[in-house]
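Visitor: coords-v5.cif (mmCIF, C-alpha atoms) pasted underneath:
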```cif
data_start
#
loop_
_atom_site.label_atom_id
_atom_site.label_comp_id
_atom_site.auth_asym_id
_atom_site.auth_seq_id
_atom_site.Cartn_x
_atom_site.Cartn_y
_atom_site.Cartn_z
CA MET R 8 4.32 -61.66 12.12
CA SER R 9 6.99 -59.59 13.71
CA ALA R 10 8.15 -59.90 17.30
CA GLU R 11 6.64 -56.55 18.10
CA GLU R 12 3.22 -57.69 16.92
CA GLU R 13 3.58 -60.91 18.89
CA ASN R 14 4.41 -58.98 21.98
CA ARG R 15 1.43 -56.71 21.41
CA LEU R 16 -0.92 -59.66 21.05
CA ASP R 17 0.49 -61.29 24.14
CA ASP R 18 -0.09 -58.06 25.99
CA LEU R 19 -3.73 -58.14 24.91
CA LYS R 20 -4.26 -61.75 25.98
CA GLU R 21 -4.92 -60.71 29.53
CA ILE R 22 -7.61 -58.15 28.79
CA GLU R 23 -9.06 -60.52 26.23
CA ALA R 24 -9.38 -63.28 28.80
CA ALA R 25 -10.77 -60.90 31.37
CA LEU R 26 -13.43 -59.63 29.00
CA ALA R 27 -14.27 -63.12 27.83
CA SER R 28 -14.99 -64.12 31.43
CA LEU R 29 -17.93 -61.74 31.42
CA VAL R 30 -21.22 -63.40 30.56
CA PRO R 31 -23.84 -61.47 28.59
CA ARG R 32 -27.24 -61.29 30.19
CA GLY R 33 -29.36 -64.21 29.15
CA ASP R 34 -32.62 -63.16 30.73
CA ARG R 35 -33.55 -60.59 28.15
CA LEU R 36 -34.95 -63.05 25.68
CA SER R 37 -38.21 -64.79 26.47
CA ARG R 38 -37.66 -68.35 25.41
CA ASP R 39 -41.33 -69.33 25.68
CA ARG R 40 -42.49 -66.38 23.65
CA LEU R 41 -39.87 -66.99 21.02
CA MET R 42 -40.81 -70.66 20.69
CA PHE R 43 -44.49 -69.74 20.47
CA LEU R 44 -43.82 -67.21 17.73
CA ALA R 45 -41.59 -69.70 15.96
CA GLY R 46 -44.47 -72.19 15.93
CA GLN R 47 -46.77 -69.56 14.50
CA ALA R 48 -44.21 -68.66 11.85
CA SER R 49 -43.80 -72.32 10.98
CA VAL R 50 -47.55 -72.76 10.45
CA ALA R 51 -47.75 -69.55 8.43
CA ARG R 52 -44.78 -70.72 6.39
CA ARG R 53 -46.52 -74.01 5.59
CA GLY R 54 -49.62 -72.11 4.46
CA GLN R 55 -47.50 -69.74 2.46
CA ASP R 56 -45.67 -72.65 0.88
CA GLY R 57 -49.00 -74.16 -0.13
CA ALA R 58 -50.18 -70.88 -1.58
CA VAL R 59 -46.92 -70.42 -3.45
CA ARG R 60 -47.13 -73.97 -4.75
CA ALA R 61 -50.71 -73.42 -5.87
CA ALA R 62 -49.84 -70.12 -7.51
CA ARG R 63 -46.91 -71.80 -9.22
CA TRP R 64 -49.23 -74.37 -10.80
CA ALA R 65 -52.22 -72.11 -11.45
CA TRP R 66 -51.07 -70.44 -14.65
CA PRO R 67 -49.53 -73.52 -16.26
CA SER R 68 -52.70 -75.47 -15.48
CA ALA R 69 -54.91 -72.78 -16.95
CA PHE R 70 -52.68 -72.55 -20.01
CA ALA R 71 -52.75 -76.30 -20.51
CA ALA R 72 -56.54 -76.42 -20.15
CA MET R 73 -57.03 -73.60 -22.65
CA SER R 74 -54.65 -75.22 -25.10
CA ALA R 75 -56.49 -78.52 -24.82
CA VAL R 76 -59.82 -76.83 -25.45
CA ALA R 77 -58.44 -74.93 -28.43
CA ALA R 78 -56.90 -78.09 -29.89
CA SER R 79 -60.10 -80.08 -29.48
CA LEU R 80 -62.12 -77.29 -31.09
CA LEU R 81 -59.70 -77.19 -34.00
CA VAL R 82 -59.94 -80.94 -34.47
CA ALA R 83 -63.71 -80.79 -34.29
CA LEU R 84 -63.72 -78.03 -36.89
CA LEU R 85 -61.54 -80.00 -39.27
CA VAL R 86 -63.29 -83.35 -39.03
CA ARG R 87 -66.86 -82.26 -38.52
CA PRO R 88 -69.43 -84.14 -40.65
CA GLU R 89 -71.42 -82.44 -43.40
CA THR R 90 -74.65 -81.10 -42.09
CA GLY R 91 -77.72 -79.81 -43.94
CA SER R 92 -77.91 -76.73 -41.94
CA GLY R 93 -76.19 -74.51 -44.51
CA ASP R 94 -77.82 -72.69 -47.42
CA ARG R 95 -78.07 -74.82 -50.48
CA ILE R 96 -79.01 -73.95 -54.00
CA ALA R 97 -81.38 -76.46 -55.47
CA HIS R 98 -81.87 -76.57 -59.23
CA VAL R 99 -85.35 -77.69 -59.90
CA SER R 100 -86.49 -78.04 -63.44
CA ALA R 101 -89.80 -76.49 -64.19
CA PRO R 102 -92.55 -79.05 -64.55
CA VAL R 103 -93.95 -79.47 -67.98
CA ARG R 104 -97.61 -78.70 -68.00
CA PRO R 105 -99.83 -81.10 -69.72
CA PRO R 106 -101.47 -79.65 -72.76
CA ALA R 107 -104.74 -77.99 -71.95
CA GLU R 108 -107.94 -78.63 -73.73
CA LYS R 109 -108.57 -76.53 -76.75
CA PRO R 110 -111.39 -74.12 -76.28
CA ALA R 111 -114.51 -74.61 -78.24
CA ALA R 112 -114.61 -73.17 -81.68
CA ALA R 113 -117.41 -70.85 -80.79
CA ASP R 114 -115.48 -69.48 -77.88
CA ARG R 115 -112.30 -68.81 -79.80
CA THR R 116 -111.42 -65.23 -79.99
CA PRO R 117 -110.56 -63.73 -83.35
CA ALA R 118 -107.07 -62.52 -83.83
CA SER R 119 -108.20 -58.95 -84.00
CA SER R 120 -109.49 -59.17 -80.48
CA LEU R 121 -105.96 -59.77 -79.21
CA GLN R 122 -104.90 -56.44 -80.54
CA PRO R 123 -105.03 -53.71 -77.99
CA PRO R 124 -108.23 -51.83 -78.65
CA ASP R 125 -108.50 -48.15 -78.99
CA SER R 126 -108.52 -46.85 -75.49
CA SER R 127 -110.78 -43.93 -76.37
CA LEU R 128 -113.55 -46.22 -77.46
CA GLN R 129 -113.26 -48.61 -74.61
CA THR R 130 -115.15 -48.61 -71.43
CA PRO R 131 -113.31 -49.11 -68.19
CA ASP R 132 -114.47 -52.70 -68.17
CA SER R 133 -113.13 -53.28 -71.63
CA ARG R 134 -109.87 -51.56 -70.76
CA LEU R 135 -109.56 -53.80 -67.75
CA SER R 136 -110.31 -56.75 -69.91
CA ALA R 137 -107.67 -55.69 -72.38
CA HIS R 138 -105.20 -55.19 -69.62
CA VAL R 139 -105.92 -58.55 -68.12
CA GLN R 140 -105.66 -60.12 -71.48
CA ALA R 141 -102.40 -58.41 -72.28
CA THR R 142 -101.08 -59.41 -68.93
CA SER R 143 -102.18 -62.92 -69.41
CA LEU R 144 -100.41 -62.88 -72.78
CA ARG R 145 -97.17 -61.70 -71.25
CA PHE R 146 -97.48 -63.98 -68.26
CA PRO R 147 -99.33 -66.98 -69.45
CA PRO R 148 -101.55 -68.36 -66.78
CA PRO R 149 -101.98 -72.01 -66.52
CA ARG R 150 -104.55 -73.51 -68.71
CA ASP R 151 -108.05 -73.84 -67.33
CA SER R 152 -107.09 -71.70 -64.46
CA TYR R 153 -109.03 -69.03 -62.82
CA HIS R 154 -107.12 -66.34 -64.67
CA GLU R 155 -107.91 -67.72 -68.05
CA LEU R 156 -111.54 -68.03 -67.19
CA LEU R 157 -111.63 -64.54 -65.77
CA ALA R 158 -109.98 -63.06 -68.82
CA ARG R 159 -112.37 -64.81 -71.07
CA VAL R 160 -115.43 -63.79 -69.12
CA LEU R 161 -114.30 -60.18 -68.90
CA ASP R 162 -113.57 -60.08 -72.57
CA ARG R 163 -116.61 -61.78 -73.93
CA GLY R 164 -119.06 -61.81 -71.15
CA LEU R 165 -120.75 -64.68 -69.50
CA ASP R 166 -121.41 -66.24 -72.88
CA ALA R 167 -117.82 -67.13 -73.06
CA TRP R 168 -118.22 -69.29 -70.03
CA LYS R 169 -117.03 -72.63 -70.98
CA PRO R 170 -119.77 -75.12 -70.71
CA PRO R 171 -119.10 -77.98 -68.45
CA ALA R 172 -117.87 -81.17 -69.86
CA GLY R 173 -120.51 -83.37 -71.34
CA SER R 174 -122.69 -80.48 -72.41
CA GLY R 175 -122.03 -81.13 -76.11
CA ALA R 176 -119.35 -78.57 -76.69
CA THR R 177 -116.47 -79.50 -78.86
CA VAL R 178 -113.23 -80.00 -77.11
CA PRO R 179 -110.01 -79.66 -79.05
CA ALA R 180 -107.79 -82.58 -79.06
CA ALA R 181 -104.81 -80.71 -77.80
CA ALA R 182 -104.33 -77.17 -76.63
CA PRO R 183 -101.46 -75.14 -78.01
CA ALA R 184 -98.48 -75.20 -75.80
CA THR R 185 -97.20 -71.75 -76.71
CA TYR R 186 -98.70 -68.46 -77.51
CA ARG R 187 -97.53 -68.61 -81.02
CA GLU R 188 -99.41 -71.85 -81.48
CA LEU R 189 -102.37 -70.28 -79.76
CA LEU R 190 -102.17 -67.27 -82.06
CA GLU R 191 -101.91 -69.43 -85.12
CA THR R 192 -104.82 -71.48 -83.90
CA LEU R 193 -106.85 -68.37 -83.41
CA LEU R 194 -105.92 -67.04 -86.82
CA GLU R 195 -106.87 -70.26 -88.42
CA THR R 196 -110.12 -70.27 -86.56
CA SER R 197 -110.93 -66.73 -87.53
CA SER R 198 -110.02 -67.28 -91.20
CA SER R 199 -112.11 -70.35 -91.39
CA MET U 7 -31.04 -79.21 3.75
CA SER U 8 -33.84 -79.38 6.34
CA ARG U 9 -35.57 -76.56 8.07
CA ALA U 10 -35.04 -75.27 11.59
CA SER U 11 -36.45 -77.72 14.10
CA PRO U 12 -37.60 -76.66 17.58
CA GLU U 13 -34.63 -78.52 19.10
CA LEU U 14 -32.15 -76.66 16.92
CA LEU U 15 -33.89 -73.40 17.65
CA GLY U 16 -33.70 -74.02 21.41
CA ARG U 17 -30.04 -74.95 21.23
CA LEU U 18 -29.16 -71.86 19.20
CA LEU U 19 -31.13 -69.74 21.60
CA ASP U 20 -29.31 -71.16 24.60
CA GLU U 21 -25.85 -70.90 23.11
CA HIS U 22 -26.04 -67.64 21.18
CA GLY U 23 -29.13 -65.78 22.30
CA ALA U 24 -27.47 -63.65 24.95
CA ALA U 25 -24.46 -62.82 22.78
CA LEU U 26 -26.75 -61.88 19.93
CA VAL U 27 -28.67 -59.53 22.18
CA LEU U 28 -25.41 -57.95 23.28
CA TYR U 29 -24.35 -57.65 19.64
CA ALA U 30 -27.65 -56.01 18.64
CA GLN U 31 -27.42 -53.68 21.59
CA GLN U 32 -24.47 -51.98 19.94
CA TRP U 33 -26.87 -50.28 17.51
CA CYS U 34 -30.41 -50.23 18.73
CA GLU U 35 -32.48 -49.82 21.85
CA THR U 36 -34.61 -52.91 21.30
CA PRO U 37 -32.09 -55.72 20.88
CA GLU U 38 -34.47 -58.39 22.17
CA ASP U 39 -36.96 -57.70 19.40
CA VAL U 40 -34.21 -57.73 16.82
CA VAL U 41 -32.86 -61.10 17.95
CA GLN U 42 -36.37 -62.50 18.11
CA GLU U 43 -36.99 -61.41 14.54
CA ALA U 44 -33.73 -63.02 13.49
CA PHE U 45 -34.78 -66.35 14.96
CA LEU U 46 -38.19 -66.11 13.34
CA ALA U 47 -36.49 -65.36 10.04
CA LEU U 48 -34.50 -68.55 10.52
CA VAL U 49 -37.73 -70.48 11.07
CA ARG U 50 -39.16 -69.05 7.85
CA GLN U 51 -36.15 -70.16 5.84
CA ALA U 52 -36.90 -72.95 3.39
CA ALA U 53 -33.46 -74.44 4.01
CA LEU U 54 -30.94 -73.92 6.74
CA PRO U 55 -28.02 -71.63 5.90
CA GLU U 56 -24.50 -72.98 5.61
CA ASN U 57 -23.15 -71.31 8.72
CA LEU U 58 -26.02 -70.81 11.09
CA VAL U 59 -24.24 -68.64 13.64
CA ALA U 60 -22.71 -66.31 11.09
CA TRP U 61 -26.06 -66.08 9.32
CA LEU U 62 -27.78 -65.17 12.58
CA TYR U 63 -25.22 -62.46 13.28
CA ARG U 64 -25.70 -61.04 9.81
CA VAL U 65 -29.45 -60.94 10.18
CA VAL U 66 -29.21 -59.41 13.63
CA ARG U 67 -26.81 -56.77 12.34
CA ASN U 68 -29.10 -55.81 9.47
CA GLU U 69 -32.18 -55.78 11.68
CA ALA U 70 -30.41 -53.73 14.33
CA LEU U 71 -29.25 -51.18 11.78
CA SER U 72 -32.79 -50.92 10.43
CA ALA U 73 -34.19 -50.53 13.91
CA SER U 74 -31.57 -47.91 14.67
CA ARG U 75 -32.56 -45.93 11.61
CA ALA U 76 -36.23 -46.29 12.46
CA SER U 77 -35.70 -45.13 15.98
CA GLY U 78 -33.54 -42.25 14.87
CA ARG U 79 -36.63 -40.07 15.12
CA ARG U 80 -36.67 -40.57 18.82
CA SER U 81 -34.75 -38.06 20.78
CA LYS U 82 -31.46 -38.99 22.31
CA ARG U 83 -32.87 -38.14 25.68
CA GLU U 84 -35.65 -40.68 25.35
CA ALA U 85 -33.22 -43.35 24.31
CA ALA U 86 -30.86 -42.53 27.15
CA VAL U 87 -33.67 -42.72 29.68
CA ALA U 88 -35.02 -45.94 28.26
CA HIS U 89 -31.71 -47.78 28.51
CA ALA U 90 -30.07 -46.14 31.45
CA GLY U 91 -28.83 -48.63 33.96
CA GLU U 92 -29.44 -51.79 31.94
CA PRO U 93 -26.47 -54.01 32.57
CA TRP U 94 -24.88 -55.72 29.62
CA PHE U 95 -23.39 -58.59 31.58
CA GLU U 96 -24.53 -60.80 34.37
CA PRO U 97 -22.97 -59.72 37.61
CA ARG U 98 -20.88 -62.45 39.17
CA GLU U 99 -18.83 -62.60 42.25
CA GLY U 100 -15.11 -62.97 41.96
CA GLU U 101 -14.79 -61.54 38.46
CA ARG U 102 -11.53 -59.92 37.54
CA LEU U 103 -13.39 -57.12 35.83
CA ASP U 104 -16.25 -55.03 37.04
CA ALA U 105 -19.04 -55.86 34.58
CA ALA U 106 -20.62 -52.42 34.68
CA ALA U 107 -17.27 -50.70 34.22
CA ALA U 108 -16.44 -53.00 31.34
CA ALA U 109 -19.77 -52.24 29.73
CA ARG U 110 -19.26 -48.52 30.10
CA ALA U 111 -15.75 -48.75 28.67
CA LEU U 112 -16.96 -50.89 25.84
CA GLU U 113 -19.79 -48.49 25.08
CA ARG U 114 -17.34 -45.64 24.56
CA LEU U 115 -15.43 -47.46 21.84
CA PRO U 116 -16.03 -46.68 18.16
CA ILE U 117 -18.77 -48.85 16.72
CA GLU U 118 -16.51 -50.87 14.44
CA GLN U 119 -14.13 -51.76 17.31
CA ARG U 120 -17.03 -52.50 19.62
CA GLU U 121 -18.74 -54.67 17.05
CA THR U 122 -15.58 -56.60 16.34
CA ILE U 123 -14.82 -57.26 20.00
CA VAL U 124 -18.37 -58.39 20.78
CA ALA U 125 -18.54 -60.66 17.76
CA ARG U 126 -15.12 -62.13 18.50
CA LEU U 127 -15.20 -62.50 22.27
CA TRP U 128 -18.83 -63.39 22.99
CA GLY U 129 -20.06 -64.46 19.59
CA GLY U 130 -17.12 -66.71 18.89
CA LEU U 131 -16.84 -65.64 15.27
CA SER U 132 -13.54 -65.88 13.46
CA PHE U 133 -11.86 -62.85 11.97
CA ASP U 134 -12.78 -64.10 8.54
CA GLN U 135 -16.44 -64.27 9.49
CA ILE U 136 -16.32 -60.83 11.08
CA ALA U 137 -14.67 -59.45 7.97
CA GLU U 138 -17.41 -60.92 5.84
CA LEU U 139 -20.03 -59.67 8.25
CA THR U 140 -18.78 -56.12 8.23
CA GLY U 141 -17.70 -56.09 4.62
CA SER U 142 -14.15 -55.20 5.53
CA ALA U 143 -10.75 -56.74 5.07
CA LYS U 144 -9.54 -59.25 7.58
CA SER U 145 -6.51 -57.12 8.40
CA THR U 146 -8.74 -54.16 9.06
CA VAL U 147 -10.91 -56.20 11.39
CA HIS U 148 -7.83 -57.47 13.18
CA ARG U 149 -6.58 -53.94 13.62
CA TRP U 150 -9.92 -52.82 15.03
CA TYR U 151 -9.85 -55.67 17.48
CA GLU U 152 -6.37 -54.88 18.72
CA ARG U 153 -7.03 -51.19 19.06
CA GLY U 154 -10.27 -51.81 20.90
CA LEU U 155 -8.68 -54.21 23.34
CA ALA U 156 -5.79 -51.83 23.94
CA THR U 157 -8.17 -49.00 24.67
CA LEU U 158 -10.21 -51.16 27.04
CA ARG U 159 -7.08 -52.27 28.82
CA GLU U 160 -6.09 -48.69 29.42
CA ARG U 161 -9.52 -47.65 30.54
CA LEU U 162 -10.02 -50.63 32.82
CA GLY U 163 -6.54 -50.36 34.28
CA ILE U 164 -5.38 -53.83 33.47
CA CYS U 165 -1.63 -53.91 33.25
CA PRO U 166 0.01 -56.29 30.87
CA GLN U 167 1.89 -59.18 32.44
CA LYS U 168 5.60 -58.81 32.58
CA LYS U 169 7.27 -61.09 30.13
CA LYS U 170 9.85 -63.37 31.46
CA THR U 171 13.16 -62.65 29.90
CA GLY U 172 16.04 -65.07 29.66
CA SER U 173 18.75 -62.68 30.85
CA THR U 174 18.79 -60.01 33.48
CA THR U 175 20.99 -57.02 33.55
#
```
Write the structure described by the file as structure tokens, please.

Guide:
Amino acid sequence: MSAEEENRLDDLKEIEAALASLVPRGDRLSRDRLMFLAGQASVARRGQDGAVRAARWAWPSAFAAMSAVAASLLVALLVRPETGSGDRIAHVSAPVRPPAEKPAAADRTPASSLQPPDSSLQTPDSRLSAHVQATSLRFPPPRDSYHELLARVLDRGLDAWKPPAGSGATVPAAAPATYRELLETLLETSSS
Amino acid sequence: MSRASPELLGRLLDEHGAALVLYAQQWCETPEDVVQEAFLALVRQAALPENLVAWLYRVVRNEALSASRASGRRSKREAAVAHAGEPWFEPREGERLDAAAAARALERLPIEQRETIVARLWGGLSFDQIAELTGSAKSTVHRWYERGLATLRERLGICPQKKKTGSTT
């Protein structure tokens, strides 16, 4: 610092000291009001801090909870026990029907009767009978069932009604299991 | 670092409240509100600043500038009427300077010189702190201070003391 600057600063010392002796007004600030507002701000700050702290933990907590739920669901999906609730395909073998009783010799139909009759010469009842018979040939009804009885009655009338057991009618030892056997049986019956 | 306690707040208010009001008065018409907001901002701080006094002056300066811009819509006449006759300093008997005359002379200085003198003389800030506060170089702040004091000395009629010299002619 040069001598000129030192002299200038020394010259300013007096005005500096004179100004510094002045005291700014201290009655313009309300101390009580300021302390009251400071207390309010402090309480609000504590509440704000709590809210900020809660907000800081809210998302991580939610994320952790969701992750835990997802993980537990995944584990449950992987290790779940087999249940019978799903669709299952069951292979069931068809039951073998016991051989039916052979019809009586008098009731056996000749082979020609299995041929479809001439539709022009048939009555509606006979056509129905033929239809039922043809259907029963294609879809064999169970032996001694209602269908067989119906077909027989429609074809040959009430005379074809099988007499009840014990009435003296002959009962074949064993009924044919297939239609071919039935047909052969009928052919044999008709030829004899 | 802890937060502002009521004791610390009271001590800061007693020691720097009046000077802060005078500092804020350089920009705005409501310096009391500005200083009050600065103290409340200190209360809201999670941790105390490094240099409390310098921090308070910075907050007061920013608040006062904002208040000055906000009140810029008011007419100059309204502002002049609102603050006419408010003394800056406490009147005391036996002072070397007339307080009202000093305030008037100070008010006529450029804002940067006025700010520097107020912060240095009544705020007790160092030139480094004032430079940081104003965002200027320390040498610039020093120059403002010297020029402001020289102007005040001329306007207030305070003559420099005669230096004692070693030799007389």

Visitor: Counting all atoms listed in the file, which residues sit no farther than 10 Å from the position (-4.1, -51.9, 24.1) in the file's frame? I'd like them as a PyMOL selection string.

Guide: (chain R and resi 15-16+18-19+22) or (chain U and resi 151-161+164-166)

Visitor: Which polymer residues have any atom within 8 Å of an atom of Gln51 of chain U, counting only C-alpha atoms, with same-chain residues fewer than 3 positions away left out, as a PyMOL selection string?

Guide: chain U and resi 9-10+47-48+54

Visitor: Name every residue that the PyMOL selection byres ((chain U and resi 73-77) around 8) selects in this structure, writing the answer as JSON, numbers by chain with chains first and numbers rising.

Guide: {"U": [33, 34, 35, 36, 40, 69, 70, 71, 72, 78, 79, 80]}

Visitor: Evaluate the PyMOL selection byres ((chain U and resi 103) around 8) on the structure here and hand back the selected residues as a list of chain:residue names.

Guide: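 Taken on the displayed file, the PyMOL selection byres ((chain U and resi 103) around 8) yields the residues R:Ala25, R:Leu26, R:Leu29, U:Glu101, U:Arg102, U:Asp104, U:Ala105, U:Ala107, U:Ala108, U:Leu162.
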
Visitor: Considering all atoms listed in the file, give me a table of residues in chain R that are at most 10 Å from chain U, with the closest atom pair and distance in Å for each, as a Markdown table.

Guide:
```
| residue | atom | partner | partner_atom | distance |
| --- | --- | --- | --- | --- |
| R:Asn14 | CA | U:Lys169 | CA | 8.9 |
| R:Arg15 | CA | U:Glu152 | CA | 8.5 |
| R:Leu16 | CA | U:Glu152 | CA | 7.6 |
| R:Asp17 | CA | U:Pro166 | CA | 8.4 |
| R:Asp18 | CA | U:Pro166 | CA | 5.2 |
| R:Leu19 | CA | U:Leu155 | CA | 6.5 |
| R:Lys20 | CA | U:Pro166 | CA | 8.5 |
| R:Glu21 | CA | U:Pro166 | CA | 6.8 |
| R:Ile22 | CA | U:Arg159 | CA | 5.9 |
| R:Glu23 | CA | U:Leu155 | CA | 7.0 |
| R:Ala24 | CA | U:Leu127 | CA | 8.8 |
| R:Ala25 | CA | U:Arg102 | CA | 6.3 |
| R:Leu26 | CA | U:Leu103 | CA | 7.3 |
| R:Ala27 | CA | U:Leu127 | CA | 5.7 |
| R:Ser28 | CA | U:Glu101 | CA | 7.5 |
| R:Leu29 | CA | U:Phe95 | CA | 6.3 |
| R:Val30 | CA | U:Phe95 | CA | 5.4 |
| R:Pro31 | CA | U:Phe95 | CA | 4.2 |
| R:Arg32 | CA | U:Phe95 | CA | 4.9 |
| R:Gly33 | CA | U:Ala24 | CA | 4.6 |
| R:Asp34 | CA | U:Ala24 | CA | 7.8 |
| R:Arg35 | CA | U:Glu38 | CA | 6.4 |
| R:Leu36 | CA | U:Glu38 | CA | 5.9 |
| R:Ser37 | CA | U:Glu38 | CA | 8.6 |
| R:Arg38 | CA | U:Leu19 | CA | 7.7 |
| R:Asp39 | CA | U:Gly16 | CA | 9.9 |
| R:Arg40 | CA | U:Gln42 | CA | 9.1 |
| R:Leu41 | CA | U:Gln42 | CA | 6.4 |
| R:Met42 | CA | U:Pro12 | CA | 7.5 |
| R:Leu44 | CA | U:Leu46 | CA | 7.2 |
| R:Ala45 | CA | U:Leu46 | CA | 5.6 |
| R:Gly46 | CA | U:Pro12 | CA | 8.4 |
| R:Gln47 | CA | U:Leu46 | CA | 9.3 |
| R:Ala48 | CA | U:Arg50 | CA | 6.5 |
| R:Ser49 | CA | U:Val49 | CA | 6.3 |
| R:Val50 | CA | U:Arg50 | CA | 9.5 |
| R:Ala51 | CA | U:Arg50 | CA | 8.6 |
| R:Arg52 | CA | U:Arg50 | CA | 6.0 |
| R:Arg53 | CA | U:Arg50 | CA | 9.2 |
| R:Gln55 | CA | U:Arg50 | CA | 10.0 |
| R:Asp56 | CA | U:Ala52 | CA | 9.1 |
```

Visitor: How many Å lie between atom CA of Arg67 of chain U and atom CA of Ala125 of chain U, rounded to one decimal?

Guide: 10.6 Å
